[in-house]
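S.K.: Sending over input30.cif (mmCIF, C-alpha atoms, pLDDT in the B column; chains and numbers go by the auth columns).
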```cif
data_protein
#
loop_
_atom_site.group_PDB
_atom_site.id
_atom_site.type_symbol
_atom_site.label_atom_id
_atom_site.label_comp_id
_atom_site.label_asym_id
_atom_site.label_seq_id
_atom_site.Cartn_x
_atom_site.Cartn_y
_atom_site.Cartn_z
_atom_site.B_iso_or_equiv
_atom_site.auth_seq_id
_atom_site.auth_asym_id
ATOM 1 C CA MET A 1 -5.193 -15.361 -13.337 45.00 1285 A
ATOM 2 C CA SER A 2 -8.379 -13.519 -14.320 56.00 1286 A
ATOM 3 C CA ALA A 3 -9.045 -9.981 -13.202 66.00 1287 A
ATOM 4 C CA ASP A 4 -12.129 -10.389 -11.026 77.00 1288 A
ATOM 5 C CA TYR A 5 -13.080 -7.051 -9.499 84.00 1289 A
ATOM 6 C CA GLY A 6 -16.082 -8.752 -7.906 88.00 1290 A
ATOM 7 C CA ARG A 7 -13.698 -10.431 -5.458 90.00 1291 A
ATOM 8 C CA VAL A 8 -12.538 -6.989 -4.307 90.00 1292 A
ATOM 9 C CA LYS A 9 -16.125 -5.785 -3.904 92.00 1293 A
ATOM 10 C CA GLY A 10 -17.070 -8.955 -2.031 91.00 1294 A
ATOM 11 C CA ALA A 11 -14.152 -8.658 0.370 92.00 1295 A
ATOM 12 C CA LEU A 12 -15.048 -5.061 1.230 94.00 1296 A
ATOM 13 C CA ARG A 13 -18.856 -5.295 1.169 93.00 1297 A
ATOM 14 C CA ASP A 14 -18.998 -6.925 4.611 91.00 1298 A
ATOM 15 C CA LEU A 15 -16.950 -4.159 6.254 94.00 1299 A
ATOM 16 C CA GLY A 16 -18.569 -1.097 7.826 93.00 1300 A
ATOM 17 C CA LEU A 17 -17.307 2.142 6.313 93.00 1301 A
ATOM 18 C CA GLU A 18 -16.938 4.229 9.481 92.00 1302 A
ATOM 19 C CA ASP A 19 -15.407 1.390 11.471 92.00 1303 A
ATOM 20 C CA SER A 20 -13.011 0.556 8.633 93.00 1304 A
ATOM 21 C CA LEU A 21 -11.822 4.137 8.205 93.00 1305 A
ATOM 22 C CA ILE A 22 -10.923 4.298 11.897 93.00 1306 A
ATOM 23 C CA HIS A 23 -8.876 1.091 11.612 93.00 1307 A
ATOM 24 C CA LEU A 24 -7.294 2.291 8.387 94.00 1308 A
ATOM 25 C CA TRP A 25 -6.243 5.486 10.156 94.00 1309 A
ATOM 26 C CA HIS A 26 -4.490 3.441 12.861 93.00 1310 A
ATOM 27 C CA TYR A 27 -2.715 1.340 10.209 93.00 1311 A
ATOM 28 C CA CYS A 28 -1.588 4.468 8.355 91.00 1312 A
ATOM 29 C CA ARG A 29 -0.160 5.859 11.590 92.00 1313 A
ATOM 30 C CA LEU A 30 1.700 2.579 12.150 91.00 1314 A
ATOM 31 C CA THR A 31 3.165 2.230 8.649 88.00 1315 A
ATOM 32 C CA GLY A 32 3.841 5.934 8.137 87.00 1316 A
ATOM 33 C CA ASP A 33 4.901 7.178 11.560 87.00 1317 A
ATOM 34 C CA GLY A 34 5.652 4.021 13.549 87.00 1318 A
ATOM 35 C CA ILE A 35 2.913 4.730 16.101 89.00 1319 A
ATOM 36 C CA PRO A 36 1.908 1.381 17.681 88.00 1320 A
ATOM 37 C CA LEU A 37 -1.574 -0.023 17.226 87.00 1321 A
ATOM 38 C CA PRO A 38 -4.022 0.040 20.133 87.00 1322 A
ATOM 39 C CA HIS A 39 -4.019 -3.152 22.213 82.00 1323 A
ATOM 40 C CA GLN A 40 -7.426 -4.390 21.038 81.00 1324 A
ATOM 41 C CA TYR A 41 -6.154 -5.255 17.544 80.00 1325 A
ATOM 42 C CA GLN A 42 -6.179 -9.002 16.914 67.00 1326 A
ATOM 43 C CA HIS A 43 -3.130 -9.572 14.741 76.00 1327 A
ATOM 44 C CA ILE A 44 -2.110 -13.024 15.932 75.00 1328 A
ATOM 45 C CA ASP A 45 -1.263 -15.970 13.694 73.00 1329 A
ATOM 46 C CA GLY A 46 -2.392 -19.571 14.203 74.00 1330 A
ATOM 47 C CA ARG A 47 0.495 -20.239 16.614 82.00 1331 A
ATOM 48 C CA GLY A 48 -0.377 -17.294 18.863 78.00 1332 A
ATOM 49 C CA VAL A 49 2.479 -15.100 17.631 79.00 1333 A
ATOM 50 C CA HIS A 50 1.787 -11.390 17.099 77.00 1334 A
ATOM 51 C CA MET A 51 2.055 -10.415 13.435 80.00 1335 A
ATOM 52 C CA ARG A 52 4.038 -7.300 12.564 84.00 1336 A
ATOM 53 C CA LEU A 53 1.632 -5.538 10.228 85.00 1337 A
ATOM 54 C CA GLU A 54 4.239 -3.033 9.053 84.00 1338 A
ATOM 55 C CA LYS A 55 6.229 -5.905 7.515 83.00 1339 A
ATOM 56 C CA HIS A 56 3.287 -7.037 5.394 83.00 1340 A
ATOM 57 C CA VAL A 57 1.397 -3.868 4.438 87.00 1341 A
ATOM 58 C CA PHE A 58 2.825 -0.821 2.662 85.00 1342 A
ATOM 59 C CA PRO A 59 1.492 2.749 2.915 87.00 1343 A
ATOM 60 C CA HIS A 60 0.523 2.894 -0.770 85.00 1344 A
ATOM 61 C CA GLN A 61 -1.562 -0.277 -0.323 89.00 1345 A
ATOM 62 C CA LEU A 62 -3.457 1.400 2.504 91.00 1346 A
ATOM 63 C CA ASP A 63 -4.197 4.324 0.175 89.00 1347 A
ATOM 64 C CA ILE A 64 -5.705 1.926 -2.340 89.00 1348 A
ATOM 65 C CA LEU A 65 -7.642 0.134 0.403 93.00 1349 A
ATOM 66 C CA GLY A 66 -9.059 3.467 1.583 92.00 1350 A
ATOM 67 C CA ARG A 67 -10.248 4.359 -1.905 90.00 1351 A
ATOM 68 C CA GLU A 68 -11.869 0.969 -2.400 92.00 1352 A
ATOM 69 C CA LEU A 69 -13.505 1.119 1.041 93.00 1353 A
ATOM 70 C CA MET A 70 -15.121 4.424 0.095 92.00 1354 A
ATOM 71 C CA LEU A 71 -16.575 2.743 -2.969 91.00 1355 A
ATOM 72 C CA HIS A 72 -17.691 -0.620 -1.595 92.00 1356 A
ATOM 73 C CA ALA A 73 -17.901 -0.753 2.215 92.00 1357 A
ATOM 74 C CA ASP A 74 -21.287 -0.962 3.922 91.00 1358 A
ATOM 75 C CA ARG A 75 -22.690 2.510 4.664 90.00 1359 A
ATOM 76 C CA SER A 76 -25.819 1.412 6.531 89.00 1360 A
ATOM 77 C CA GLY A 77 -24.317 2.009 9.967 84.00 1361 A
ATOM 78 C CA LYS A 78 -25.404 -1.444 11.145 86.00 1362 A
ATOM 79 C CA PRO A 79 -22.839 -3.572 13.005 84.00 1363 A
ATOM 80 C CA CYS A 80 -20.884 -5.658 10.509 86.00 1364 A
ATOM 81 C CA VAL A 81 -19.659 -9.210 10.811 85.00 1365 A
ATOM 82 C CA ARG A 82 -16.164 -8.407 9.543 90.00 1366 A
ATOM 83 C CA THR A 83 -13.739 -5.774 10.836 90.00 1367 A
ATOM 84 C CA LEU A 84 -10.326 -4.540 9.751 91.00 1368 A
ATOM 85 C CA ALA A 85 -9.197 -4.899 13.372 88.00 1369 A
ATOM 86 C CA SER A 86 -9.054 -8.653 12.715 86.00 1370 A
ATOM 87 C CA TRP A 87 -5.949 -10.019 10.993 84.00 1371 A
ATOM 88 C CA ASN A 88 -7.977 -12.452 8.869 87.00 1372 A
ATOM 89 C CA ASP A 89 -10.408 -9.803 7.635 91.00 1373 A
ATOM 90 C CA LEU A 90 -7.614 -7.349 6.879 91.00 1374 A
ATOM 91 C CA ALA A 91 -5.674 -10.067 5.043 90.00 1375 A
ATOM 92 C CA ARG A 92 -8.774 -10.996 3.040 93.00 1376 A
ATOM 93 C CA ALA A 93 -9.234 -7.395 1.888 94.00 1377 A
ATOM 94 C CA MET A 94 -5.538 -6.839 1.132 93.00 1378 A
ATOM 95 C CA ASN A 95 -5.215 -10.163 -0.722 92.00 1379 A
ATOM 96 C CA ALA A 96 -8.237 -9.365 -2.886 92.00 1380 A
ATOM 97 C CA LEU A 97 -6.668 -6.029 -3.864 89.00 1381 A
ATOM 98 C CA TYR A 98 -3.277 -7.652 -4.459 87.00 1382 A
ATOM 99 C CA ARG A 99 -4.702 -10.418 -6.655 88.00 1383 A
ATOM 100 C CA TYR A 100 -6.703 -7.947 -8.700 85.00 1384 A
ATOM 101 C CA GLY A 101 -3.609 -5.747 -9.189 81.00 1385 A
ATOM 102 C CA GLU A 102 -1.564 -8.739 -10.302 78.00 1386 A
ATOM 103 C CA ALA A 103 -4.282 -9.912 -12.695 78.00 1387 A
ATOM 104 C CA VAL A 104 -4.712 -6.591 -14.512 72.00 1388 A
ATOM 105 C CA PHE A 105 -0.973 -5.957 -14.860 68.00 1389 A
ATOM 106 C CA ASP A 106 0.639 -7.035 -18.112 65.00 1390 A
ATOM 107 C CA GLY A 107 4.425 -6.765 -17.976 61.00 1391 A
ATOM 108 C CA ASP A 108 4.723 -7.397 -21.720 65.00 1392 A
ATOM 109 C CA LYS A 109 2.969 -4.192 -22.722 66.00 1393 A
ATOM 110 C CA LYS A 110 4.924 -1.045 -23.509 67.00 1394 A
ATOM 111 C CA GLY A 111 6.077 0.492 -20.240 62.00 1395 A
ATOM 112 C CA GLY A 112 5.621 -2.748 -18.314 67.00 1396 A
ATOM 113 C CA VAL A 113 9.202 -2.741 -17.065 67.00 1397 A
ATOM 114 C CA MET A 114 8.918 0.816 -15.813 67.00 1398 A
ATOM 115 C CA LEU A 115 5.646 0.017 -14.049 69.00 1399 A
ATOM 116 C CA THR A 116 7.280 -2.997 -12.421 69.00 1400 A
ATOM 117 C CA LEU A 117 10.173 -0.843 -11.217 69.00 1401 A
ATOM 118 C CA HIS A 118 7.705 1.724 -9.903 68.00 1402 A
ATOM 119 C CA ARG A 119 5.814 -0.957 -7.978 67.00 1403 A
ATOM 120 C CA LEU A 120 9.048 -2.382 -6.571 66.00 1404 A
ATOM 121 C CA ALA A 121 10.141 1.058 -5.457 67.00 1405 A
ATOM 122 C CA HIS A 122 6.897 1.535 -3.536 64.00 1406 A
ATOM 123 C CA GLN A 123 7.256 -1.858 -1.906 62.00 1407 A
ATOM 124 C CA GLN A 124 10.974 -1.992 -1.153 60.00 1408 A
ATOM 125 C CA LEU A 125 12.440 1.496 -0.850 61.00 1409 A
ATOM 126 C CA PRO A 126 10.661 2.330 2.410 59.00 1410 A
ATOM 127 C CA ARG A 127 12.417 -0.679 3.946 57.00 1411 A
ATOM 128 C CA PHE A 128 15.938 0.196 2.814 58.00 1412 A
ATOM 129 C CA SER A 129 16.023 3.939 2.246 61.00 1413 A
ATOM 130 C CA ARG A 130 16.351 6.404 5.076 66.00 1414 A
ATOM 131 C CA LEU A 131 14.882 9.164 2.946 64.00 1415 A
ATOM 132 C CA SER A 132 14.415 12.386 4.864 67.00 1416 A
ATOM 133 C CA SER A 133 13.253 15.826 3.806 66.00 1417 A
ATOM 134 C CA ALA A 134 16.890 17.000 3.799 72.00 1418 A
ATOM 135 C CA LYS A 135 17.944 14.176 1.455 68.00 1419 A
ATOM 136 C CA MET A 136 14.920 14.762 -0.763 66.00 1420 A
ATOM 137 C CA GLY A 137 15.824 18.449 -1.020 69.00 1421 A
ATOM 138 C CA ARG A 138 19.406 17.536 -1.886 69.00 1422 A
ATOM 139 C CA TYR A 139 18.241 15.131 -4.617 65.00 1423 A
ATOM 140 C CA LEU A 140 15.866 17.698 -6.070 66.00 1424 A
ATOM 141 C CA ALA A 141 18.595 20.341 -6.080 70.00 1425 A
ATOM 142 C CA LEU A 142 21.006 17.933 -7.767 66.00 1426 A
ATOM 143 C CA TYR A 143 18.587 16.801 -10.465 64.00 1427 A
ATOM 144 C CA ARG A 144 17.435 20.344 -11.179 67.00 1428 A
ATOM 145 C CA PHE A 145 21.003 21.606 -11.525 66.00 1429 A
ATOM 146 C CA HIS A 146 21.230 23.235 -14.987 68.00 1430 A
ATOM 147 C CA SER A 147 24.440 21.563 -16.125 69.00 1431 A
ATOM 148 C CA LEU A 148 23.138 18.084 -15.185 67.00 1432 A
ATOM 149 C CA ALA A 149 19.601 18.457 -16.566 69.00 1433 A
ATOM 150 C CA PRO A 150 20.469 17.670 -20.233 73.00 1434 A
ATOM 151 C CA PHE A 151 22.498 14.616 -19.204 69.00 1435 A
ATOM 152 C CA LEU A 152 19.736 13.250 -16.973 65.00 1436 A
ATOM 153 C CA ARG A 153 17.077 13.943 -19.610 68.00 1437 A
ATOM 154 C CA ARG A 154 19.135 12.202 -22.312 72.00 1438 A
ATOM 155 C CA ARG A 155 19.806 9.160 -20.089 64.00 1439 A
ATOM 156 C CA SER A 156 16.141 8.816 -19.113 64.00 1440 A
ATOM 157 C CA GLU A 157 15.077 8.931 -22.793 67.00 1441 A
ATOM 158 C CA LEU A 158 17.378 6.012 -23.556 59.00 1442 A
ATOM 159 C CA MET A 159 15.505 3.821 -21.084 51.00 1443 A
#
```
Mind turning this structure into structure tokens?

M.R.:
Amino acid sequence: MSADYGRVKGALRDLGLEDSLIHLWHYCRLTGDGIPLPHQYQHIDGRGVHMRLEKHVFPHQLDILGRELMLHADRSGKPCVRTLASWNDLARAMNALYRYGEAVFDGDKKGGVMLTLHRLAHQQLPRFSRLSSAKMGRYLALYRFHSLAPFLRRRSELM
């Protein structure tokens, strides 16, 4: 698979910047806080079944989409043909970003395994981990504990 950044630009060029940022904000609220989307969103598959966006899009992917929208979305203010409120247009943008990310990643390079684990953590941990601020504080306190620090540092260097 070749890394074609032009596909990313092309997928985002037909989206209006202001309109897209509003939709992106709604998606971030859904994936981050569980706040439902407004009723006008058209996320229906070919069989007429509502798609659950939060099962297909991760918060870190929305961050990347936001950055790329700032770079490539239409800033003219004219009405655009495509909109992120549409499932097909959102999927087109997300798939272009996903394909580009897969094409530029080389798992054989040094650190490839760690990058793969990092990507998996972003994609899977939000689904299985009930991480709260209390648990995060507990983990930080544990890993910063002076008697454990040398052990954890030594084990992480072996990886």

S.K.: Please indicate the distance in Å from CA of Pro1322 in chain A to CA of Arg1351 in chain A, rounded to one decimal place.

M.R.: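 About the pair CA of Pro1322 in chain A and CA of Arg1351 in chain A: they are 23.3 Å apart.
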
S.K.: Rank nothing, just name the residue among A:His1323, A:Arg1376, A:Arg1313, A:His1356 nearest to Phe1342 in chain A, using only C-alpha atoms.

M.R.: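 Ranking A:His1323, A:Arg1376, A:Arg1313, A:His1356 by distance to Phe1342 in chain A, first place goes to A:Arg1313.
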
S.K.: Give me the box for range 1308-1312 of chain A as JSON, namely the centre and edge lengths in Å to one decimal of a box along x, y and z that holds every listed atom plus 3 Å on each side.

M.R.:
```
{"center_x": -4.4, "center_y": 3.4, "center_z": 10.6, "size_x": 11.7, "size_y": 10.1, "size_z": 10.5}
```

S.K.: What's the separation between CA of Tyr1384 in chain A and CA of Val1292 in chain A, in Å to one decimal place?

M.R.: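 Between these atoms lies a distance of 7.4 Å.
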
S.K.: Report, in Å with one decimal, the straight-line distance from CA of His1327 in chain A to CA of His1340 in chain A.

M.R.: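 A separation of 11.6 Å between them.
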